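The structure appears right after this line, and notes come after that.
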Amino acid sequence: MGSRWTYLDYNATTPVRPEVLARVAEVMTVGGNPSSVHRFGRLTRAFVDRARESIAELAGADREQIVFTSGATEANALALRSLARRAAPGGRARGASRVLISAIEHDSVVGAAHALDLPVETVPVTADGVVDLAALEKMLGAGGTAVVALLLANNETGVIQPVATAAKLVHSVGGVLHCDAVQAAGRTPVDFPALGADTLVLSSHKMGGPTGAGAVIARELSLLSPMLIGGGQERGLRAGTENAAAISGFGLAAELAISDLSKTNNISSLRDNLEERLKIMAAGVRVFGSTAARLPNTSYFALAGLDNETQVIALDLAGIAVSAGAACSSGKVAASRVLRAMGVPESLARAAIRVSIGWGTTRTDIDRFCAAWSEFVTRQMARATGTACFAAAAH
Ligand code: PMP
């Protein structure tokens with residue numbers, strides 16, 4: 001991203017870290033196939049092996065539990081399909097009869113769940129954006145072996161979910177739990193054994209790595225059955241020549257994230273500063289999920305009367321990239337089903353924009369956002385009232 005730009009859309013994708021870019025180029029320059037026996041193959045294999053170690057360390061997992069994929073969409077599909085179809089050791093889920101997904105899952109989980117030929121039920125969330133555990137318990141008690149999907153942090157609100165508690169509930173009735181940890185990884189500690197999930201998914205490009213790499217972490221690899229077959233890669237669980245450059249970049253991004261998480265970094269103070277200033281600029285602003293535990297990098301907010309698409313466009317013209325939170329792949333802004341699930345009225349949901357920050361964000365970026373948003377709000381209010389009476393304030 002050029003310096004003319006302020007990029008505040010890290011939950012959509014993070015800018016690739018410079019060290020990662022160099023690593024990707026290095027692996028592509030070697031140019032081997034990790035399955036080849038010769039020097040180029042061995043060098044490339046070493047990059048993939050190191051990445052497996054790094055991803056395992058980031059998630060507190062064992063490297064033997066990791067299967068690399070092309071990204072989290074594929075990983076979610078692989079994990080959910082496998083959990084639904086395969087018998088799990090230890091008496092869990094011998095062939096599921098239904099799928100329970102939280103109301104705030106990513107589209108890739110929703111899509112994979114609906115492709116399973118099983119009834120799909122939606123677990124509600126509270127007004128804070130946290131899964132309703134009492135509702136989950138009740139639904140689990142209604143009978144039938146369930147595959148449950150609960151993400152670790154929501155991509156729109158950043159709200160962190162009680163995955164460990166949910167996993168206990170699910171296991172107590174013989175079900176299995178899948179966790180999409182894409183937005184949490186690198187931003188908050190992810191401890192696979194402590195979460196108790198049967199499968200967990202990560203994506204490289206949400207943590208400073210390149211697109212084109214993701215991973216499923218499985219409690220036992222025997223839980224997984226491959227979607228892509230024909231080659232022996234990834235212990236037969238994901239055929240196809242490994243994207244060694246992307247995987248290696250993913251691994252290095254994980255190493256950098258581990259180091260960042262171990263230091264006090266200023267991501268949450270930048271986000272908190274933004275939210276304090278939003279409230280000064282517009283007292284009526286509502287920050288979604290702010291009463292729950294949230295990722296330190298995400299702020300999803302709305303001021304009644306504004307339109308999210310217009311805000312995103314106006315900010316883009318001012319050199320600032322943010323998201324309307326629920327952009328679909330066509331680039332059009334859809335009404336947020338996450339906000340709907342939280343009981344937010346449609347009119348307010350239509351005003352919501354998401355600022356998500358990360359490793360490259362500075363105080364200047366927050367200042368630039370506040371100046372541009374304040375100007376936008378002042379203009380809109382002046383237009384609405386015919387006078388410039390709205391108080392734009394501190395940047
Ligand atoms: N899950 C979540 C929570 C996400 O935010 C995303 C990306 N928007 C995905 C899954 C899909 O990840 P990928 O782009 O790696 O397929």
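Following the order of the structure tokens, first chain is A, next is B, and so on, with residues numbered from 1 inside each chain and ligands from 1 in the order they appear.
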Quick one: residues within 9 Å of Ser203 of chain A, only C-alpha atoms counted, chain neighbours fewer than 6 positions away excluded, as a ChimeraX atom specification?
/A:70-73,75,181-183,185,209,211-215,250
Would you kindly return, as number ranges by chain, each protein, DNA or RNA residue with an atom no farther than 12 Å from any atom of segment 369-375 of chain A, considering only C-alpha atoms and excluding same-chain residues fewer than 5 positions away?
A: 5-8, 270-271, 273-282, 302-303, 306, 308, 310-322, 353-357, 361-364, 380-382, 388, 390-395
For the residues in that selection, give me N, CA and C atoms as a compact mmCIF listing (two decimals), in the first residue's frame.
# COMPACT_ATOMS: atom_id res chain seq x y z
N TRP A 5 -1.84 6.23 0.80
CA TRP A 5 -2.99 5.45 1.23
C TRP A 5 -2.94 5.08 2.69
N THR A 6 -4.13 5.06 3.27
CA THR A 6 -4.27 4.53 4.61
C THR A 6 -5.12 3.27 4.50
N TYR A 7 -4.51 2.14 4.77
CA TYR A 7 -5.21 0.86 4.59
C TYR A 7 -5.72 0.37 5.94
N LEU A 8 -7.04 0.33 6.08
CA LEU A 8 -7.64 -0.06 7.36
C LEU A 8 -8.65 -1.20 7.14
N LEU A 270 -4.38 1.87 19.56
CA LEU A 270 -4.79 2.62 18.37
C LEU A 270 -6.29 2.46 18.15
N ARG A 271 -6.78 1.24 18.30
CA ARG A 271 -8.22 0.99 18.11
C ARG A 271 -9.04 1.74 19.18
N ASN A 273 -8.18 4.37 20.83
CA ASN A 273 -8.09 5.80 20.54
C ASN A 273 -9.09 6.18 19.45
N LEU A 274 -9.17 5.36 18.42
CA LEU A 274 -10.14 5.60 17.35
C LEU A 274 -11.56 5.68 17.93
N GLU A 275 -11.90 4.70 18.77
CA GLU A 275 -13.29 4.65 19.27
C GLU A 275 -13.60 5.82 20.20
N GLU A 276 -12.61 6.24 20.99
CA GLU A 276 -12.83 7.43 21.84
C GLU A 276 -13.13 8.64 20.97
N ARG A 277 -12.36 8.77 19.90
CA ARG A 277 -12.53 9.94 19.04
C ARG A 277 -13.84 9.88 18.26
N LEU A 278 -14.25 8.68 17.88
CA LEU A 278 -15.54 8.54 17.19
C LEU A 278 -16.64 9.10 18.06
N LYS A 279 -16.58 8.78 19.35
CA LYS A 279 -17.65 9.21 20.27
C LYS A 279 -17.63 10.72 20.47
N ILE A 280 -16.44 11.30 20.38
CA ILE A 280 -16.35 12.76 20.48
C ILE A 280 -16.92 13.40 19.20
N MET A 281 -16.58 12.80 18.08
CA MET A 281 -17.03 13.35 16.79
C MET A 281 -18.54 13.23 16.63
N ALA A 282 -19.09 12.12 17.11
CA ALA A 282 -20.53 11.87 16.93
C ALA A 282 -21.02 11.06 18.12
N ALA A 302 -21.52 2.30 13.66
CA ALA A 302 -22.51 2.94 12.80
C ALA A 302 -23.03 4.20 13.45
N LEU A 303 -23.32 5.17 12.59
CA LEU A 303 -24.01 6.37 13.03
C LEU A 303 -25.31 6.44 12.22
N LEU A 306 -26.42 7.56 8.28
CA LEU A 306 -25.40 7.47 7.24
C LEU A 306 -25.63 6.19 6.42
N ASN A 308 -23.58 3.02 4.50
CA ASN A 308 -22.22 2.46 4.55
C ASN A 308 -21.49 2.52 3.20
N THR A 310 -21.84 4.67 0.79
CA THR A 310 -21.42 6.05 0.52
C THR A 310 -20.18 6.39 1.34
N GLN A 311 -20.16 5.93 2.59
CA GLN A 311 -18.99 6.20 3.44
C GLN A 311 -17.73 5.55 2.88
N VAL A 312 -17.88 4.29 2.47
CA VAL A 312 -16.71 3.56 1.95
C VAL A 312 -16.18 4.26 0.70
N ILE A 313 -17.09 4.73 -0.15
CA ILE A 313 -16.67 5.40 -1.39
C ILE A 313 -16.02 6.75 -1.08
N ALA A 314 -16.64 7.51 -0.16
CA ALA A 314 -16.09 8.83 0.19
C ALA A 314 -14.70 8.68 0.82
N LEU A 315 -14.56 7.68 1.68
CA LEU A 315 -13.27 7.46 2.32
C LEU A 315 -12.23 7.00 1.29
N ASP A 316 -12.66 6.19 0.35
CA ASP A 316 -11.76 5.73 -0.71
C ASP A 316 -11.23 6.92 -1.50
N LEU A 317 -12.14 7.87 -1.79
CA LEU A 317 -11.73 9.08 -2.52
C LEU A 317 -10.73 9.89 -1.69
N ALA A 318 -10.84 9.77 -0.37
CA ALA A 318 -9.91 10.49 0.51
C ALA A 318 -8.63 9.67 0.77
N GLY A 319 -8.50 8.53 0.09
CA GLY A 319 -7.28 7.73 0.23
C GLY A 319 -7.29 6.78 1.41
N ILE A 320 -8.50 6.42 1.86
CA ILE A 320 -8.59 5.55 3.04
C ILE A 320 -9.42 4.32 2.69
N ALA A 321 -8.86 3.14 2.95
CA ALA A 321 -9.56 1.90 2.62
C ALA A 321 -10.16 1.28 3.86
N VAL A 322 -11.50 1.25 3.92
CA VAL A 322 -12.20 0.54 5.00
C VAL A 322 -13.25 -0.33 4.32
N ILE A 353 -19.78 0.63 9.22
CA ILE A 353 -18.50 0.40 8.55
C ILE A 353 -17.51 -0.23 9.53
N ARG A 354 -16.54 -0.94 8.96
CA ARG A 354 -15.56 -1.65 9.79
C ARG A 354 -14.16 -1.10 9.51
N VAL A 355 -13.49 -0.74 10.59
CA VAL A 355 -12.07 -0.38 10.51
C VAL A 355 -11.31 -1.53 11.15
N SER A 356 -10.38 -2.11 10.40
CA SER A 356 -9.58 -3.19 10.99
C SER A 356 -8.11 -2.91 10.69
N ILE A 357 -7.30 -2.98 11.74
CA ILE A 357 -5.91 -2.52 11.65
C ILE A 357 -4.95 -3.68 11.90
N THR A 361 -0.18 -0.43 10.79
CA THR A 361 -0.99 0.76 11.11
C THR A 361 -0.26 1.69 12.08
N THR A 362 -0.36 2.99 11.80
CA THR A 362 0.28 3.98 12.67
C THR A 362 -0.77 4.97 13.19
N ARG A 363 -0.36 5.78 14.12
CA ARG A 363 -1.23 6.83 14.65
C ARG A 363 -1.68 7.78 13.53
N THR A 364 -0.78 8.02 12.57
CA THR A 364 -1.12 8.90 11.45
C THR A 364 -2.30 8.33 10.67
N GLN A 380 -22.57 15.34 5.54
CA GLN A 380 -23.86 14.64 5.50
C GLN A 380 -24.89 15.33 6.37
N MET A 381 -24.45 15.73 7.56
CA MET A 381 -25.38 16.36 8.49
C MET A 381 -25.83 17.71 7.95
N ALA A 382 -24.89 18.44 7.33
CA ALA A 382 -25.23 19.75 6.76
C ALA A 382 -26.26 19.55 5.66
N ALA A 388 -24.80 23.70 8.64
CA ALA A 388 -23.62 22.99 9.10
C ALA A 388 -23.55 23.03 10.62
N PHE A 390 -23.72 20.47 12.68
CA PHE A 390 -23.14 19.30 13.35
C PHE A 390 -21.71 19.62 13.76
N ALA A 391 -21.42 19.31 14.98
CA ALA A 391 -20.09 19.66 15.49
C ALA A 391 -19.07 18.61 15.12
N ALA A 392 -18.22 18.94 14.17
CA ALA A 392 -17.11 18.04 13.85
C ALA A 392 -16.03 18.36 14.87
N ALA A 393 -15.35 17.40 15.33
CA ALA A 393 -14.43 17.68 16.42
C ALA A 393 -13.08 17.02 16.26
N ALA A 394 -12.40 17.02 17.37
CA ALA A 394 -11.02 16.58 17.51
C ALA A 394 -10.61 15.46 16.58
N HIS A 395 -9.49 15.60 15.95
CA HIS A 395 -8.99 14.55 15.06
C HIS A 395 -8.02 13.65 15.78
Contact residues around Ala218 of chain A with only C-alpha atoms at 9 Å, ignoring same-chain residues under 3 positions, as number ranges by chain:
A: 64-67, 79, 197-201, 221-224
All strand (DSSP E) residues (DSSP, backbone) inside segment 235-325 of chain A, as an MDAnalysis selection string
chainID A and resid 286:287 298:302 320:321
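If you measure from each of A:Ala56, A:Ala46, A:Met207, A:Val27 to ligand 1 using only C-alpha atoms and all ligand atoms, the closest one turns out to be A:Met207.
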Between atom CA of Pro193 of chain A and atom CA of Glu220 of chain A - distance in Å to one decimal
11.7 Å
What's the 9 Å shell around Ser36 of chain A, counting only C-alpha atoms, without same-chain residues fewer than 6 positions away, as a short mmCIF file (atom, residue, chain, number, x, y, z; two decimals) with N, CA, C and O atoms, in the first residue's frame?
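So selection.cif came out as:
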data_model
loop_
_atom_site.label_atom_id
_atom_site.label_comp_id
_atom_site.auth_asym_id
_atom_site.auth_seq_id
_atom_site.Cartn_x
_atom_site.Cartn_y
_atom_site.Cartn_z
N ARG A 42 14.62 -30.89 -2.22
CA ARG A 42 14.94 -30.93 -0.77
C ARG A 42 14.91 -29.54 -0.15
O ARG A 42 14.40 -29.34 0.94
N THR A 44 13.17 -27.00 -1.17
CA THR A 44 11.78 -26.53 -1.09
C THR A 44 11.04 -27.26 0.02
O THR A 44 10.25 -26.65 0.76
N ARG A 45 11.28 -28.55 0.15
CA ARG A 45 10.67 -29.33 1.24
C ARG A 45 11.03 -28.73 2.60
O ARG A 45 10.19 -28.63 3.50
#
Please provide the set of residues having any atom within 12 Å of Leu348 of chain A, restricted to only C-alpha atoms, with same-chain residues fewer than 5 positions apart removed, written as a ChimeraX atom specification.
/A:284-288,300-308,335-336,339-340,342-343,353
Determine the nearest neighbour of Leu261 of chain A from the options A:Ala334, A:Ala283, A:Val190, A:Val20, counting only C-alpha atoms.
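Counting only C-alpha atoms, the residue closest to Leu261 of chain A is A:Val190.
Of the listed residues A:Ser248, A:Thr165, A:Ser269, A:Ser259, the one whose atoms come nearest to Arg52 of chain A is A:Ser248, with distances taken using only C-alpha atoms.
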Select, from A:Ala146, A:Arg235, A:Arg294, A:Gly129, the residue with the minimum atom-to-atom distance to Ala184 of chain A, counting only C-alpha atoms.
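Closest to Ala184 of chain A of all the choices is A:Arg294.
When only C-alpha atoms and all ligand atoms are used to measure the gap to ligand 1, the shortest distance among A:Ser323, A:Thr241, A:Ser262, A:Thr291 belongs to A:Ser323.
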